[in-house]
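> Sharing final_9.cif (mmCIF, C-alpha atoms) below.
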```
data_upload
loop_
_atom_site.group_PDB
_atom_site.id
_atom_site.type_symbol
_atom_site.label_atom_id
_atom_site.label_comp_id
_atom_site.auth_asym_id
_atom_site.auth_seq_id
_atom_site.Cartn_x
_atom_site.Cartn_y
_atom_site.Cartn_z
ATOM 1 C CA GLN A 1 20.053 1.727 7.925
ATOM 2 C CA VAL A 2 17.781 2.628 5.035
ATOM 3 C CA ARG A 3 15.286 5.378 5.738
ATOM 4 C CA LEU A 4 12.553 6.998 3.645
ATOM 5 C CA VAL A 5 11.058 10.407 4.312
ATOM 6 C CA GLU A 6 8.020 11.730 2.460
ATOM 7 C CA SER A 7 7.087 15.372 2.100
ATOM 8 C CA GLY A 8 4.810 17.570 0.035
ATOM 9 C CA GLY A 9 1.428 16.692 1.435
ATOM 10 C CA GLY A 10 -1.186 19.311 2.179
ATOM 11 C CA SER A 11 -4.730 20.460 1.565
ATOM 12 C CA VAL A 12 -6.050 21.325 -1.883
ATOM 13 C CA HIS A 13 -9.380 21.874 -3.589
ATOM 14 C CA PRO A 14 -10.766 19.326 -6.029
ATOM 15 C CA GLY A 15 -8.973 19.637 -9.328
ATOM 16 C CA GLY A 16 -5.785 20.799 -7.662
ATOM 17 C CA SER A 17 -2.311 19.290 -7.766
ATOM 18 C CA LEU A 18 0.355 18.216 -5.329
ATOM 19 C CA ARG A 19 3.777 16.675 -5.741
ATOM 20 C CA LEU A 20 4.999 14.326 -3.068
ATOM 21 C CA SER A 21 8.680 13.609 -2.590
ATOM 22 C CA CYS A 22 10.318 10.543 -1.096
ATOM 23 C CA VAL A 23 13.951 10.894 -0.098
ATOM 24 C CA ILE A 24 16.041 7.841 0.705
ATOM 25 C CA SER A 25 19.045 7.824 3.002
ATOM 26 C CA GLY A 26 21.417 5.072 4.071
ATOM 27 C CA GLU A 27 21.519 3.435 0.649
ATOM 28 C CA ALA A 28 21.440 4.400 -3.004
ATOM 29 C CA LEU A 29 17.939 4.765 -4.401
ATOM 30 C CA ASP A 30 18.670 2.710 -7.503
ATOM 31 C CA TYR A 31 18.913 -0.482 -5.465
ATOM 32 C CA TYR A 32 15.155 -0.279 -4.924
ATOM 33 C CA ALA A 33 11.905 -0.255 -6.762
ATOM 34 C CA ILE A 34 9.700 2.417 -5.195
ATOM 35 C CA GLY A 35 6.027 2.058 -4.462
ATOM 36 C CA TRP A 36 3.464 4.610 -3.375
ATOM 37 C CA PHE A 37 0.578 3.561 -1.170
ATOM 38 C CA ARG A 38 -2.232 5.361 0.594
ATOM 39 C CA GLN A 39 -4.624 4.760 3.440
ATOM 40 C CA ALA A 40 -7.819 6.695 3.877
ATOM 41 C CA PRO A 41 -9.640 6.896 7.214
ATOM 42 C CA GLY A 42 -11.507 3.673 7.908
ATOM 43 C CA LYS A 43 -10.163 1.983 4.795
ATOM 44 C CA GLU A 44 -7.450 -0.536 4.062
ATOM 45 C CA ARG A 45 -4.136 0.545 2.617
ATOM 46 C CA GLU A 46 -4.079 0.441 -1.170
ATOM 47 C CA GLY A 47 -1.359 0.622 -3.748
ATOM 48 C CA VAL A 48 -1.229 3.763 -5.856
ATOM 49 C CA GLY A 49 1.597 2.789 -8.165
ATOM 50 C CA CYS A 50 5.246 1.958 -8.431
ATOM 51 C CA ILE A 51 8.378 2.604 -10.470
ATOM 52 C CA SER A 52 11.198 0.250 -11.392
ATOM 53 C CA ARG A 53 14.768 0.662 -10.224
ATOM 54 C CA ARG A 54 15.835 1.874 -13.634
ATOM 55 C CA ASP A 55 14.195 2.296 -17.040
ATOM 56 C CA ASP A 56 11.408 4.309 -15.373
ATOM 57 C CA ASN A 57 8.824 1.595 -15.918
ATOM 58 C CA THR A 58 5.704 2.382 -13.934
ATOM 59 C CA ASP A 59 2.472 0.705 -12.934
ATOM 60 C CA TYR A 60 -0.631 2.410 -11.536
ATOM 61 C CA THR A 61 -3.872 1.420 -9.965
ATOM 62 C CA ASP A 62 -6.796 2.154 -12.266
ATOM 63 C CA SER A 63 -8.287 4.941 -10.167
ATOM 64 C CA VAL A 64 -5.233 7.179 -10.634
ATOM 65 C CA LYS A 65 -4.208 6.382 -14.197
ATOM 66 C CA GLY A 66 -3.931 9.520 -16.263
ATOM 67 C CA ARG A 67 -3.891 11.721 -13.153
ATOM 68 C CA PHE A 68 -0.875 10.559 -11.141
ATOM 69 C CA THR A 69 2.711 10.188 -12.325
ATOM 70 C CA ILE A 70 5.576 8.504 -10.503
ATOM 71 C CA SER A 71 9.143 9.459 -11.320
ATOM 72 C CA ARG A 72 12.545 9.162 -9.758
ATOM 73 C CA ASP A 73 15.908 10.888 -9.714
ATOM 74 C CA ASN A 74 18.435 8.234 -8.753
ATOM 75 C CA ARG A 75 21.294 10.680 -8.795
ATOM 76 C CA ASN A 76 19.674 12.710 -6.027
ATOM 77 C CA ASN A 77 18.073 9.733 -4.257
ATOM 78 C CA VAL A 78 14.530 11.032 -4.503
ATOM 79 C CA ALA A 79 11.300 9.724 -5.970
ATOM 80 C CA PHE A 80 8.179 11.705 -6.738
ATOM 81 C CA LEU A 81 4.444 11.276 -6.952
ATOM 82 C CA GLN A 82 2.872 13.998 -9.073
ATOM 83 C CA MET A 83 -0.861 14.148 -8.435
ATOM 84 C CA ASN A 84 -3.099 16.147 -10.746
ATOM 85 C CA SER A 85 -6.869 16.532 -10.968
ATOM 86 C CA LEU A 86 -7.172 15.562 -7.342
ATOM 87 C CA GLU A 87 -10.531 14.327 -6.091
ATOM 88 C CA PRO A 88 -11.967 14.094 -2.579
ATOM 89 C CA ASN A 89 -11.563 10.301 -2.783
ATOM 90 C CA ASP A 90 -7.800 10.846 -3.005
ATOM 91 C CA THR A 91 -7.769 12.080 0.599
ATOM 92 C CA ALA A 92 -5.461 9.773 2.547
ATOM 93 C CA ILE A 93 -2.089 9.392 4.172
ATOM 94 C CA TYR A 94 0.394 8.650 1.419
ATOM 95 C CA TYR A 95 3.406 6.428 1.969
ATOM 96 C CA CYS A 96 6.407 5.625 -0.150
ATOM 97 C CA ALA A 97 8.128 2.285 0.227
ATOM 98 C CA ALA A 98 11.261 0.602 -1.107
ATOM 99 C CA ALA A 99 11.525 -2.944 -2.444
ATOM 100 C CA GLY A 100 14.946 -4.515 -2.897
ATOM 101 C CA VAL A 101 14.098 -6.382 -6.102
ATOM 102 C CA ARG A 102 16.763 -7.904 -8.331
ATOM 103 C CA GLY A 103 15.389 -6.826 -11.658
ATOM 104 C CA THR A 104 15.760 -3.262 -12.797
ATOM 105 C CA SER A 105 12.813 -2.993 -15.165
ATOM 106 C CA TRP A 106 9.830 -3.925 -13.058
ATOM 107 C CA CYS A 107 8.204 -3.017 -9.773
ATOM 108 C CA PRO A 108 6.034 -5.096 -7.465
ATOM 109 C CA ARG A 109 2.453 -4.280 -6.578
ATOM 110 C CA PRO A 110 1.969 -6.227 -3.302
ATOM 111 C CA ALA A 111 2.777 -4.189 -0.229
ATOM 112 C CA ASN A 112 4.348 -7.171 1.508
ATOM 113 C CA LEU A 113 7.209 -7.105 -1.020
ATOM 114 C CA TYR A 114 8.286 -3.696 0.235
ATOM 115 C CA ASP A 115 10.912 -3.725 2.976
ATOM 116 C CA THR A 116 11.184 -0.146 4.082
ATOM 117 C CA TRP A 117 8.434 2.430 4.574
ATOM 118 C CA GLY A 118 8.284 6.130 5.162
ATOM 119 C CA GLN A 119 6.262 7.774 7.895
ATOM 120 C CA GLY A 120 3.575 9.056 5.550
ATOM 121 C CA THR A 121 2.297 12.467 4.542
ATOM 122 C CA GLN A 122 -1.303 13.652 4.696
ATOM 123 C CA VAL A 123 -3.148 14.672 1.541
ATOM 124 C CA THR A 124 -6.567 16.274 1.948
ATOM 125 C CA VAL A 125 -8.796 17.189 -0.987
ATOM 126 C CA SER A 126 -11.884 19.173 -0.075
ATOM 127 C CA LEU A 127 -13.985 22.161 -1.074
#
```
Please lay out the structure from this file as structure tokens.

Amino acid sequence: QVRLVESGGGSVHPGGSLRLSCVISGEALDYYAIGWFRQAPGKEREGVGCISRRDDNTDYTDSVKGRFTISRDNRNNVAFLQMNSLEPNDTAIYYCAAAGVRGTSWCPRPANLYDTWGQGTQVTVSL
């Protein structure tokens, strides 16, 4: 059974940085494209970005471009979300998810294409 576990959340001041990790177990990471999503209180879940199975192709939502970076280490079965220049609007529960896509050079944006989800980790950005 495939399982994802996120870690690295916490509380930071505006302008700060955090790096979230997403560890997969039960299957090799390189079978999956990885997506990061977030849900703020009272708001719908939104996609943050994603990374392809291989080739490290990434895609980001506009609000995080230039501030967030997604990477992966297939050998160690872990993906990362590096978040810099954090803003209060980034406060949310962050989730990683795995999509069993066939291609290795792309990643899907829609959440319904992701099969397996982590439990989430809280990120709070405040003064």
> On this file, the PyMOL selection byres ((chain A and resi 62-69) around 7) gives some set of residues; write that set as a PyMOL selection string.
chain A and resi 60-61+70-71+81-85
> I need the residue nearest Ala40 of chain A from this list: A:Val123, A:Phe80, A:Asn74, A:Asp115. Use all atoms listed in the file for the distance.
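The closest residue to Ala40 of chain A is A:Val123.
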> Using all atoms listed in the file for the distances, tell me which of A:Gly35, A:Asn77, A:Pro110, A:Glu87 is nearest to Ser17 of chain A.
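Of A:Gly35, A:Asn77, A:Pro110, A:Glu87, the one nearest Ser17 of chain A is A:Glu87, counting all atoms listed in the file.
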> Do you know which residues are at most 7 Å from Gly10 of chain A counting only C-alpha atoms, after dropping those on the same chain fewer than 2 positions away, and could you put them as a compact mmCIF listing (two decimals) with C-alpha atoms, in the frame of the given file?

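File result_9.txt, as written:
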```
# COMPACT_ATOMS: atom_id res chain seq x y z
CA GLY A 8 4.81 17.57 0.04
CA VAL A 12 -6.05 21.32 -1.88
CA GLN A 122 -1.30 13.65 4.70
CA VAL A 123 -3.15 14.67 1.54
CA THR A 124 -6.57 16.27 1.95
```
> Could you please determine the separation between atom CA of Cys50 of chain A and atom CA of Ala33 of chain A in Å, to one decimal place?
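About the pair atom CA of Cys50 of chain A and atom CA of Ala33 of chain A: they are 7.2 Å apart.
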> Just checking: using all atoms listed in the file, which residue out of A:Thr58, A:Thr121, A:Asn76, A:Asn89 ends up closest to Thr104 of chain A?
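Residue with the minimum atom-to-atom distance to Thr104 of chain A: A:Thr58.
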> For Tyr31 of chain A, which residue among A:Arg102, A:Arg3, A:Arg72, A:Arg45 is the nearest when counting only C-alpha atoms?
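For Tyr31 of chain A, the nearest of the candidates is A:Arg102.
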> Check the smallest atom-to-atom distance from each of A:Gln39, A:Asp30, A:Gln119, A:Leu18 to Gly100 of chain A using all atoms listed in the file, then report the winner.
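That would be A:Asp30, the residue with the smallest distance to Gly100 of chain A.
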> How many Å separate atom CA of Ser52 of chain A from atom CA of Ala99 of chain A?
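Between atom CA of Ser52 of chain A and atom CA of Ala99 of chain A the gap is 9.5 Å.
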> For each of A:Gly120, A:Gly47, A:Pro88, A:Gly9, take the minimum atom-to-atom distance to Pro108 of chain A, counting all atoms listed in the file, then give the residue where this is smallest.
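Checking each candidate against Pro108 of chain A, we get A:Gly47 as the closest.
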> What is the atom CA of Val2 of chain A-atom CA of Arg19 of chain A distance in Å, reported with one decimal?
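Those two atoms sit 22.6 Å apart.
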